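Dropping input.cif in here (mmCIF, C-alpha atoms):
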```cif
data_coords
#
loop_
_atom_site.label_atom_id
_atom_site.label_comp_id
_atom_site.auth_asym_id
_atom_site.auth_seq_id
_atom_site.Cartn_x
_atom_site.Cartn_y
_atom_site.Cartn_z
CA MET A 1 1.09 -25.92 -17.11
CA ARG A 2 1.57 -25.45 -13.35
CA ALA A 3 -0.38 -27.78 -11.08
CA THR A 4 -0.44 -25.38 -8.11
CA PRO A 5 -0.25 -21.57 -7.91
CA PRO A 6 2.98 -19.98 -6.69
CA ARG A 7 3.30 -18.93 -3.04
CA THR A 8 3.13 -15.14 -3.12
CA THR A 9 3.14 -14.62 0.65
CA ALA A 10 5.70 -16.08 3.02
CA PRO A 11 4.05 -18.20 5.73
CA PRO A 12 4.52 -17.19 9.37
CA THR A 13 7.50 -18.68 11.15
CA ASP A 14 7.44 -20.55 14.42
CA ALA A 15 8.89 -17.41 16.02
CA ASP A 16 5.91 -15.35 14.77
CA LEU A 17 3.42 -17.86 16.13
CA ASP A 18 5.26 -18.24 19.44
CA ALA A 19 5.35 -14.45 19.90
CA ALA A 20 1.59 -14.14 19.48
CA ALA A 21 0.93 -17.24 21.61
CA ARG A 22 3.07 -15.85 24.44
CA VAL A 23 0.75 -12.85 24.73
CA LEU A 24 -2.40 -14.93 24.26
CA ARG A 25 -1.43 -16.92 27.36
CA THR A 26 -1.57 -13.78 29.50
CA THR A 27 -4.62 -12.02 30.89
CA ARG A 28 -3.87 -8.78 29.05
CA LEU A 29 -4.57 -8.96 25.33
CA GLY A 30 -5.48 -5.38 24.41
CA GLY A 31 -5.95 -1.87 25.68
CA PRO A 32 -4.84 1.64 24.78
CA ASP A 33 -1.29 1.29 26.14
CA HIS A 34 -0.35 -2.38 25.75
CA PRO A 35 3.39 -3.04 26.32
CA GLU A 36 3.67 -5.19 23.18
CA VAL A 37 2.15 -2.39 21.12
CA ARG A 38 4.67 0.09 22.54
CA ARG A 39 7.50 -2.36 21.81
CA PHE A 40 6.35 -2.84 18.23
CA GLU A 41 5.95 0.93 17.74
CA ALA A 42 9.48 1.59 19.00
CA LEU A 43 11.06 -0.86 16.55
CA LEU A 44 8.84 0.34 13.72
CA ALA A 45 9.84 3.97 14.28
CA GLN A 46 13.50 3.00 14.46
CA THR A 47 13.50 0.95 11.26
CA THR A 48 11.49 3.58 9.36
CA GLY A 49 13.65 6.46 10.55
CA VAL A 50 10.98 8.57 12.25
CA ALA A 51 10.42 9.81 15.78
CA HIS A 52 6.92 8.39 16.27
CA ALA A 53 4.98 5.28 15.25
CA VAL A 54 1.32 4.89 16.25
CA ALA A 55 0.00 1.37 15.67
CA VAL A 56 -3.65 0.99 14.68
CA ASN A 57 -5.90 -1.76 13.34
CA SER A 58 -5.72 -1.04 9.58
CA GLY A 59 -4.10 1.13 6.94
CA THR A 60 -7.46 2.84 6.46
CA ALA A 61 -7.53 3.78 10.14
CA ALA A 62 -3.92 4.98 9.90
CA LEU A 63 -4.72 7.35 7.03
CA HIS A 64 -7.82 8.62 8.85
CA CYS A 65 -5.73 9.32 11.97
CA ALA A 66 -3.06 11.10 9.91
CA LEU A 67 -5.66 13.29 8.22
CA ARG A 68 -7.12 14.15 11.61
CA GLY A 69 -3.61 14.95 12.80
CA LEU A 70 -3.30 17.50 10.01
CA GLY A 71 -6.62 19.06 11.02
CA ILE A 72 -8.34 18.07 7.77
CA GLY A 73 -12.11 18.54 7.97
CA PRO A 74 -15.25 19.89 6.31
CA GLY A 75 -14.61 22.42 3.56
CA ASP A 76 -11.12 21.07 2.85
CA GLU A 77 -9.95 19.28 -0.29
CA VAL A 78 -7.33 16.52 -0.40
CA ILE A 79 -5.78 15.38 -3.68
CA VAL A 80 -5.62 11.60 -4.29
CA PRO A 81 -4.56 9.51 -7.32
CA ALA A 82 -7.10 7.85 -9.61
CA HIS A 83 -5.22 4.56 -9.89
CA THR A 84 -5.18 3.07 -6.40
CA PHE A 85 -7.31 1.23 -3.86
CA ILE A 86 -10.44 3.00 -2.64
CA ALA A 87 -9.07 3.27 0.92
CA SER A 88 -6.59 5.91 -0.23
CA ALA A 89 -9.60 8.22 -0.68
CA THR A 90 -12.37 7.13 1.69
CA PRO A 91 -10.56 8.34 4.84
CA VAL A 92 -10.78 11.83 3.33
CA LEU A 93 -14.56 11.43 3.26
CA MET A 94 -14.45 10.01 6.79
CA SER A 95 -12.74 13.26 7.85
CA GLY A 96 -15.56 15.32 6.33
CA ALA A 97 -13.33 16.64 3.54
CA THR A 98 -13.55 16.26 -0.25
CA PRO A 99 -11.21 13.92 -2.13
CA VAL A 100 -10.04 15.36 -5.45
CA VAL A 101 -9.11 12.57 -7.85
CA VAL A 102 -6.28 13.28 -10.32
CA ASP A 103 -4.44 11.35 -13.02
CA VAL A 104 -1.30 9.25 -12.67
CA ASP A 105 2.00 8.72 -14.45
CA ALA A 106 1.96 6.18 -17.30
CA ALA A 107 5.27 4.58 -16.26
CA THR A 108 5.17 4.40 -12.45
CA TYR A 109 1.35 4.42 -12.06
CA CYS A 110 1.81 6.87 -9.17
CA LEU A 111 0.68 10.51 -8.95
CA GLU A 112 1.40 12.75 -11.94
CA PRO A 113 2.89 15.98 -10.49
CA THR A 114 1.43 18.18 -13.23
CA ALA A 115 -2.05 16.78 -12.54
CA VAL A 116 -1.58 17.65 -8.87
CA ASP A 117 -0.57 21.21 -9.72
CA GLU A 118 -3.61 21.69 -11.95
CA ALA A 119 -6.04 20.42 -9.29
CA ILE A 120 -4.95 22.78 -6.50
CA THR A 121 -7.53 25.32 -5.35
CA ARG A 122 -7.78 27.66 -2.37
CA ARG A 123 -9.45 24.78 -0.48
CA THR A 124 -6.63 22.26 -1.05
CA ARG A 125 -5.07 21.24 2.26
CA ALA A 126 -3.04 18.09 1.53
CA VAL A 127 -1.95 15.49 -1.02
CA VAL A 128 -2.13 11.73 -0.48
CA ALA A 129 0.86 10.28 -2.35
CA VAL A 130 0.31 6.55 -2.84
CA HIS A 131 3.49 4.50 -3.23
CA LEU A 132 1.80 2.02 -5.52
CA ASN A 133 2.66 -1.67 -5.88
CA GLY A 134 5.90 -1.11 -3.95
CA HIS A 135 7.18 1.81 -6.08
CA PRO A 136 7.75 5.26 -4.54
CA ALA A 137 5.47 8.13 -5.52
CA PRO A 138 7.17 11.37 -6.67
CA VAL A 139 7.00 13.14 -3.31
CA ASP A 140 10.13 15.07 -4.28
CA LEU A 141 8.30 16.58 -7.26
CA LEU A 142 5.11 17.63 -5.48
CA PRO A 143 4.37 21.19 -4.29
CA THR A 144 6.40 22.03 -1.20
CA ASP A 145 3.74 24.31 0.30
CA LEU A 146 1.19 21.49 0.79
CA PRO A 147 1.44 18.73 3.41
CA VAL A 148 1.99 15.32 1.85
CA LEU A 149 0.67 12.15 3.45
CA SER A 150 2.71 9.18 2.26
CA ASP A 151 0.38 6.24 1.74
CA ALA A 152 2.98 3.48 2.01
CA CYS A 153 0.43 0.73 2.61
CA GLN A 154 1.74 -1.06 -0.50
CA ALA A 155 5.39 -0.15 -0.10
CA GLN A 156 6.89 -1.29 3.18
CA GLY A 157 10.66 -1.18 2.70
CA ALA A 158 10.64 1.04 -0.39
CA THR A 159 12.89 4.11 -0.44
CA LEU A 160 13.24 7.33 -2.44
CA HIS A 161 16.73 8.84 -2.54
CA GLY A 162 17.66 6.65 0.41
CA THR A 163 14.73 7.61 2.67
CA SER A 164 11.93 5.25 3.63
CA VAL A 165 8.81 6.28 1.75
CA ALA A 166 6.86 6.20 5.02
CA ALA A 167 9.20 8.91 6.36
CA LEU A 168 8.46 11.29 3.48
CA GLY A 169 6.06 14.19 3.95
CA ALA A 170 4.19 15.25 7.06
CA ALA A 171 3.33 11.64 7.93
CA GLY A 172 3.33 8.18 6.40
CA VAL A 173 0.98 5.25 6.86
CA TYR A 174 1.40 1.50 6.65
CA SER A 175 -1.05 -1.36 6.28
CA PHE A 176 -0.26 -4.73 7.83
CA TRP A 177 -2.99 -6.64 5.99
CA GLN A 178 -2.47 -10.37 5.56
CA ASP A 179 -0.61 -10.34 2.23
CA LYS A 180 1.61 -7.30 2.85
CA LEU A 181 5.38 -7.74 3.17
CA LEU A 182 4.98 -7.10 6.89
CA THR A 183 1.79 -8.25 8.62
CA THR A 184 0.40 -8.25 12.13
CA GLY A 185 -1.61 -11.39 11.60
CA GLY A 186 -4.32 -10.37 9.16
CA GLU A 187 -5.08 -6.72 9.84
CA GLY A 188 -3.19 -3.73 11.20
CA GLY A 189 -1.63 -0.41 10.32
CA ALA A 190 0.49 2.45 11.63
CA VAL A 191 1.06 6.19 11.39
CA LEU A 192 4.73 7.19 11.03
CA THR A 193 5.79 10.79 11.63
CA ASP A 194 8.38 13.16 13.08
CA ASP A 195 5.61 15.56 14.09
CA PRO A 196 4.67 15.11 17.77
CA GLY A 197 1.36 16.89 17.21
CA ILE A 198 0.25 14.46 14.51
CA ALA A 199 1.34 11.52 16.67
CA GLU A 200 -0.57 12.85 19.68
CA ILE A 201 -3.81 13.28 17.72
CA ALA A 202 -3.38 9.83 16.14
CA ARG A 203 -3.05 8.24 19.59
CA LEU A 204 -6.19 10.02 20.76
CA VAL A 205 -8.23 9.16 17.69
CA ARG A 206 -7.28 5.46 17.80
CA SER A 207 -8.71 5.06 21.32
CA HIS A 208 -12.00 6.95 21.57
CA GLY A 209 -10.31 10.32 22.17
CA GLN A 210 -9.55 9.24 25.74
CA GLN A 211 -7.07 11.20 27.86
CA PRO A 212 -6.11 11.04 31.56
CA ILE A 213 -7.29 13.93 33.74
CA PRO A 214 -4.12 15.36 35.33
CA GLY A 215 -3.93 14.87 39.07
CA THR A 216 -6.76 12.32 39.17
CA PRO A 217 -7.18 8.59 38.49
CA ASP A 218 -9.88 9.38 35.93
CA SER A 219 -9.90 9.99 32.21
CA HIS A 220 -12.18 11.85 29.86
CA HIS A 221 -12.79 12.01 26.09
CA THR A 222 -11.52 15.21 24.55
CA VAL A 223 -11.94 14.60 20.81
CA LEU A 224 -14.05 12.36 18.59
CA GLY A 225 -12.22 9.06 18.48
CA TYR A 226 -12.74 5.45 17.46
CA ASN A 227 -11.67 1.95 18.36
CA TYR A 228 -8.68 1.76 16.03
CA ARG A 229 -6.43 -0.10 18.49
CA LEU A 230 -4.04 -2.91 17.59
CA THR A 231 -4.05 -5.85 20.00
CA GLY A 232 -1.10 -7.19 21.98
CA PRO A 233 -0.88 -10.54 20.13
CA GLN A 234 -0.97 -8.72 16.78
CA ALA A 235 1.82 -6.38 17.87
CA ALA A 236 3.98 -9.28 19.08
CA PHE A 237 3.43 -11.08 15.76
CA GLY A 238 4.40 -7.92 13.85
CA HIS A 239 7.49 -7.32 15.99
CA SER A 240 8.70 -10.84 15.22
CA GLN A 241 8.21 -10.26 11.49
CA LEU A 242 9.94 -6.90 11.65
CA THR A 243 13.14 -8.40 13.08
CA ARG A 244 13.75 -10.25 9.79
CA PHE A 245 12.03 -7.79 7.47
CA ALA A 246 15.16 -6.90 5.47
CA ASN A 247 15.48 -10.55 4.41
CA THR A 248 11.80 -10.64 3.42
CA VAL A 249 12.27 -7.64 1.13
CA ARG A 250 15.51 -8.97 -0.32
CA ALA A 251 13.97 -12.31 -1.29
CA ARG A 252 11.11 -10.56 -3.05
CA GLN A 253 13.42 -8.17 -4.89
CA ASP A 254 15.65 -11.05 -6.00
CA ASN A 255 12.70 -12.97 -7.44
CA ALA A 256 11.42 -9.80 -9.09
CA ALA A 257 14.83 -9.22 -10.70
CA ARG A 258 14.74 -12.73 -12.17
CA LEU A 259 11.24 -12.25 -13.51
CA LEU A 260 12.11 -8.84 -14.97
CA ASP A 261 15.04 -10.36 -16.82
CA LEU A 262 12.91 -13.15 -18.27
CA LEU A 263 10.14 -10.81 -19.45
CA GLN A 264 12.25 -8.06 -21.01
CA ASP A 265 12.21 -9.32 -24.60
CA ILE A 266 8.53 -10.34 -24.90
CA PRO A 267 6.82 -8.08 -27.47
CA GLY A 268 3.67 -6.37 -26.26
CA ILE A 269 4.57 -6.75 -22.56
CA THR A 270 5.89 -3.89 -20.42
CA PRO A 271 7.41 -5.05 -17.10
CA PRO A 272 7.47 -2.83 -13.98
CA TYR A 273 9.52 0.36 -14.21
CA THR A 274 11.69 1.88 -11.47
CA ARG A 275 12.59 5.57 -11.60
CA ASP A 276 16.03 6.90 -10.76
CA GLY A 277 16.64 7.20 -7.03
CA ALA A 278 13.84 4.77 -6.16
CA THR A 279 13.91 1.34 -4.56
CA HIS A 280 11.01 -0.90 -5.64
CA VAL A 281 9.88 -3.70 -3.28
CA TYR A 282 7.40 -5.31 -5.73
CA TRP A 283 4.50 -5.91 -3.36
CA LYS A 284 2.63 -6.38 -6.63
CA PHE A 285 4.41 -7.33 -9.85
CA VAL A 286 2.34 -5.44 -12.43
CA ILE A 287 2.84 -5.70 -16.18
CA ALA A 288 1.16 -3.76 -18.98
CA ILE A 289 -0.35 -5.33 -22.09
CA ASP A 290 -0.09 -3.31 -25.31
CA PRO A 291 -3.60 -3.48 -26.84
CA ASP A 292 -2.22 -2.66 -30.29
CA GLN A 293 -0.15 -5.85 -30.26
CA PHE A 294 -2.81 -8.26 -28.95
CA ARG A 295 -5.87 -9.48 -30.82
CA VAL A 296 -7.84 -10.01 -27.59
CA ASP A 297 -8.62 -7.88 -24.54
CA LEU A 298 -7.14 -8.09 -21.06
CA ARG A 299 -9.76 -10.52 -19.78
CA HIS A 300 -8.83 -13.04 -22.47
CA VAL A 301 -5.17 -12.74 -21.50
CA LEU A 302 -6.05 -13.38 -17.86
CA ARG A 303 -8.07 -16.48 -18.74
CA ALA A 304 -5.22 -17.81 -20.88
CA LEU A 305 -2.72 -17.32 -18.04
CA ALA A 306 -5.09 -19.07 -15.63
CA ALA A 307 -5.24 -22.01 -18.01
CA GLU A 308 -1.45 -22.23 -17.70
CA GLY A 309 -1.69 -22.35 -13.91
CA VAL A 310 -0.74 -18.69 -13.38
CA PRO A 311 -3.54 -16.83 -11.52
CA ALA A 312 -3.08 -13.24 -12.71
CA ALA A 313 -5.54 -10.46 -11.86
CA PRO A 314 -6.54 -7.09 -13.35
CA ARG A 315 -5.05 -4.10 -11.52
CA TYR A 316 -7.70 -1.56 -10.54
CA PRO A 317 -10.08 -2.03 -13.51
CA ILE A 318 -12.36 0.73 -12.14
CA PRO A 319 -10.31 3.87 -11.37
CA LEU A 320 -11.31 6.08 -8.46
CA HIS A 321 -12.75 8.82 -10.67
CA ARG A 322 -15.32 6.24 -11.85
CA GLN A 323 -16.17 4.82 -8.42
CA PRO A 324 -19.77 5.78 -7.50
CA VAL A 325 -18.96 6.88 -3.95
CA LEU A 326 -16.41 9.38 -5.26
CA THR A 327 -18.43 10.62 -8.21
CA ARG A 328 -21.16 11.47 -5.68
CA HIS A 329 -19.07 12.81 -2.81
CA GLY A 330 -15.71 13.79 -4.30
CA ARG A 331 -14.39 16.02 -7.04
CA THR A 332 -13.01 14.22 -10.09
CA THR A 333 -10.80 15.46 -12.90
CA PRO A 334 -10.16 13.91 -16.33
CA CYS A 335 -7.88 10.90 -15.88
CA PRO A 336 -7.10 9.47 -19.33
CA THR A 337 -3.98 7.63 -18.19
CA ALA A 338 -5.81 5.89 -15.35
CA ASP A 339 -8.57 4.94 -17.80
CA ALA A 340 -6.05 3.43 -20.20
CA LEU A 341 -4.23 1.56 -17.41
CA SER A 342 -7.50 0.02 -16.26
CA GLN A 343 -7.64 -1.88 -19.56
CA ARG A 344 -3.95 -2.75 -19.76
CA LEU A 345 -2.54 -3.74 -16.36
CA LEU A 346 -2.44 -7.14 -14.75
CA THR A 347 -0.75 -8.47 -11.62
CA LEU A 348 1.40 -11.55 -11.94
CA PRO A 349 1.96 -13.76 -8.90
CA LEU A 350 5.47 -13.12 -7.56
CA PRO A 351 6.99 -15.88 -5.42
CA ALA A 352 7.81 -14.51 -2.00
CA MET A 353 10.59 -16.85 -0.91
CA ALA A 354 14.11 -17.54 -2.15
CA GLU A 355 13.45 -21.29 -2.36
CA ASP A 356 10.62 -20.64 -4.83
CA ALA A 357 12.91 -19.14 -7.47
CA ASP A 358 12.10 -21.97 -9.92
CA ASP A 359 8.48 -20.78 -9.92
CA VAL A 360 9.67 -17.53 -11.50
CA VAL A 361 10.74 -19.45 -14.61
CA ASP A 362 7.32 -21.14 -14.84
CA ILE A 363 5.55 -17.78 -14.64
CA ALA A 364 7.74 -16.21 -17.32
CA GLU A 365 7.28 -19.19 -19.63
CA ALA A 366 3.50 -18.97 -19.23
CA VAL A 367 3.53 -15.25 -20.07
CA ARG A 368 5.70 -15.88 -23.12
CA LYS A 369 3.44 -18.71 -24.32
CA VAL A 370 0.26 -16.69 -23.91
CA ALA A 371 1.74 -13.56 -25.49
CA THR A 372 2.96 -15.52 -28.49
CA ALA A 373 -0.42 -17.22 -28.98
CA LEU A 374 -2.54 -14.07 -28.60
CA ARG A 375 -0.53 -11.41 -30.40
CA ARG A 376 -1.82 -9.98 -33.65
#
```
So that I can check it, write out the structure of this file as structure tokens.
Amino acid sequence: MRATPPRTTAPPTDADLDAAARVLRTTRLGGPDHPEVRRFEALLAQTTGVAHAVAVNSGTAALHCALRGLGIGPGDEVIVPAHTFIASATPVLMSGATPVVVDVDAATYCLEPTAVDEAITRRTRAVVAVHLNGHPAPVDLLPTDLPVLSDACQAQGATLHGTSVAALGAAGVYSFWQDKLLTTGGEGGAVLTDDPGIAEIARLVRSHGQQPIPGTPDSHHTVLGYNYRLTGPQAAFGHSQLTRFANTVRARQDNAARLLDLLQDIPGITPPYTRDGATHVYWKFVIAIDPDQFRVDLRHVLRALAAEGVPAAPRYPIPLHRQPVLTRHGRTTPCPTADALSQRLLTLPLPAMAEDADDVVDIAEAVRKVATALRR
């Protein structure tokens, strides 16, 4: 039994802390056009492979800005997956549109293309493709006549056929929440796009819709906007993290590869799957429990793993089509796969750093012990 839980998030480096502190020592910490924000946006666009990056204060805000950039509003429908975090759908409601919840693929847990096709109506205006747990969604298999918003909040660094998932579709969005592979010090997000129109609207929406009045020192507010701005210290922190981001991803993938190898032969356990052409970054290491091979339910498995010092967690036990806010204000479709996954999936802690590779063995041994004890 482990005495302490594994470290699943790499701690900030001295360089990260120094970068934020450097800005905190100045008199300019925020504002709509902070130089540190512009610097972070430039590097983020470059590393993602897009023309524009618009930094905001959360992934939720980023998706809201992207939807506004597409002109999504009342009377429109936007397709979202059933198996994801609620913030993949609530920005659709925030835009005045209707989220349409559809089923997911049983192997990748991302959108099921056939379910998307069947949900399209004359009111459908976009699809939110969530790159879940670090695995790319099938953007290449979705209808080509509908704009796709790539929700890459869980998949910084993931690629599909060699392209960053945030660069797929009309626009992509990132979250920089505290446990993401790239963070801006607790909260943050960004819109990534090649479309200058989407980028322009996102910049307006993030800062109260404020625009300069040409030929004058004044500004006015031309669209409904919000305070979605990222601060200067946050941007400096994120820029520091971004300079070593490739190493962050590589360490996580290496530890995931070790854990995959150790779990492959355990009956009743299905490790994460990666489709052809995809690069998985394993923000969450999610395994499936076969209920036909276990004599207890998922909650019992979780408690047994906790007793071994491995704090696992259920993965989206209430799918979006069963969330009250969406049953009242969205349109839901039958989602049998998402329902089944809600009773089968759990997230294992994945060590984030290369020096924690020995923890991978402890986690695998705990899973093997619990599976052996609780199988039928």
- [ ] Go through the shown structure with the PyMOL selection byres ((chain A and resi 329-336) around 10) and write out the matching residues as number ranges by chain.
- [x] A: 77-83, 89-90, 92-93, 97-104, 106, 115, 118-119, 319-328, 337-342
- [ ] With the file shown as input, list the residues that the PyMOL selection byres ((chain A and resi 374) around 7) selects, as number ranges by chain.
- [x] A: 294-296, 370-373, 375-376
Cut-off 10 Å: closest range 46-154 of chain A/range 26-41 of chain A atom pairs per residue, using all atoms listed in the file, as a Markdown table:
```
| residue | atom | partner | partner_atom | distance |
| --- | --- | --- | --- | --- |
| A:Gln46 | CA | A:Glu41 | CA | 8.5 |
| A:Thr47 | CA | A:Glu41 | CA | 9.9 |
| A:His52 | CA | A:Glu41 | CA | 7.7 |
| A:Ala53 | CA | A:Glu41 | CA | 5.1 |
| A:Val54 | CA | A:Glu41 | CA | 6.3 |
| A:Ala55 | CA | A:Glu41 | CA | 6.3 |
| A:Val56 | CA | A:Val37 | CA | 9.3 |
```
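Remark: for Ser150 in chain A, the closest of the candidate residues A:Pro196, A:Gly59, A:Gly185, A:Pro74 is A:Gly59 (distances computed over all atoms listed in the file).
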Open item on the list: At a cut-off of 7 Å, using all atoms listed in the file, what residues contact Ser95 in chain A? Leave out same-chain residues fewer than 5 positions from it and give the result as a list in words.
Closed with: His64, Arg68, Ile72 and Gly73 of chain A
Go through range 27-109 of chain A and flag each residue having an atom no more than 12 Å from range 285-293 of chain A; for those, report the closest pair of atoms plus their distance in Å to one decimal, using all atoms listed in the file, ordered by chain and rising number, as CSV.
```
residue,atom,partner,partner_atom,distance
A:Ala106,CA,A:Ala288,CA,10.1
A:Ala107,CA,A:Ala288,CA,9.7
A:Thr108,CA,A:Val286,CA,10.2
A:Tyr109,CA,A:Val286,CA,9.9
```
Got time to write the residues from that selection, C-alpha atoms, as a compact mmCIF listing (two decimals), in the coordinates of the input?
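And here's out-v3.txt as it stands now:
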```txt
# COMPACT_ATOMS: atom_id res chain seq x y z
CA ALA A 106 1.96 6.18 -17.30
CA ALA A 107 5.27 4.58 -16.26
CA THR A 108 5.17 4.40 -12.45
CA TYR A 109 1.35 4.42 -12.06
```
Can you patch up range 154-162 of chain A, filling it in to all heavy atoms, and show the result as a tab-separated table (two decimals), in the coordinates of the input?
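After the write, selection.tsv holds the following:
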```
chain	number	residue	atom	x	y	z
A	154	GLN	N	1.30	-0.05	0.46
A	154	GLN	CA	1.74	-1.06	-0.50
A	154	GLN	C	3.25	-1.08	-0.66
A	154	GLN	O	3.76	-1.77	-1.55
A	154	GLN	CB	1.11	-0.78	-1.87
A	154	GLN	CG	-0.40	-0.79	-1.89
A	154	GLN	CD	-0.97	-0.67	-3.29
A	154	GLN	OE1	-0.28	-0.83	-4.30
A	154	GLN	NE2	-2.28	-0.41	-3.38
A	155	ALA	N	3.97	-0.36	0.19
A	155	ALA	CA	5.39	-0.15	-0.10
A	155	ALA	C	6.28	-0.21	1.13
A	155	ALA	O	7.24	0.55	1.25
A	155	ALA	CB	5.56	1.20	-0.81
A	156	GLN	N	6.00	-1.12	2.04
A	156	GLN	CA	6.89	-1.29	3.18
A	156	GLN	C	8.29	-1.67	2.69
A	156	GLN	O	8.45	-2.62	1.94
A	156	GLN	CB	6.35	-2.38	4.11
A	156	GLN	CG	4.98	-2.11	4.65
A	156	GLN	CD	4.25	-3.38	4.98
A	156	GLN	OE1	4.62	-4.46	4.54
A	156	GLN	NE2	3.18	-3.28	5.74
A	157	GLY	N	9.28	-0.92	3.10
A	157	GLY	CA	10.66	-1.18	2.70
A	157	GLY	C	11.14	-0.40	1.50
A	157	GLY	O	12.34	-0.36	1.22
A	158	ALA	N	10.24	0.25	0.76
A	158	ALA	CA	10.64	1.04	-0.39
A	158	ALA	C	11.30	2.35	0.06
A	158	ALA	O	10.98	2.89	1.12
A	158	ALA	CB	9.45	1.34	-1.28
A	159	THR	N	12.22	2.86	-0.76
A	159	THR	CA	12.89	4.11	-0.44
A	159	THR	C	12.91	5.03	-1.66
A	159	THR	O	12.84	4.58	-2.80
A	159	THR	CB	14.34	3.88	0.01
A	159	THR	OG1	15.10	3.30	-1.07
A	159	THR	CG2	14.41	2.96	1.21
A	160	LEU	N	13.04	6.33	-1.39
A	160	LEU	CA	13.24	7.33	-2.44
A	160	LEU	C	14.43	8.17	-2.03
A	160	LEU	O	14.41	8.80	-0.96
A	160	LEU	CB	12.00	8.20	-2.61
A	160	LEU	CG	12.05	9.24	-3.73
A	160	LEU	CD1	12.22	8.57	-5.10
A	160	LEU	CD2	10.81	10.12	-3.73
A	161	HIS	N	15.47	8.15	-2.85
A	161	HIS	CA	16.73	8.84	-2.54
A	161	HIS	C	17.24	8.47	-1.16
A	161	HIS	O	17.74	9.31	-0.40
A	161	HIS	CB	16.55	10.36	-2.66
A	161	HIS	CG	16.04	10.80	-4.00
A	161	HIS	ND1	16.66	10.47	-5.18
A	161	HIS	CD2	14.94	11.54	-4.34
A	161	HIS	CE1	15.99	10.99	-6.20
A	161	HIS	NE2	14.95	11.63	-5.72
A	162	GLY	N	17.10	7.18	-0.81
A	162	GLY	CA	17.66	6.65	0.41
A	162	GLY	C	16.80	6.79	1.65
A	162	GLY	O	17.18	6.32	2.72
```
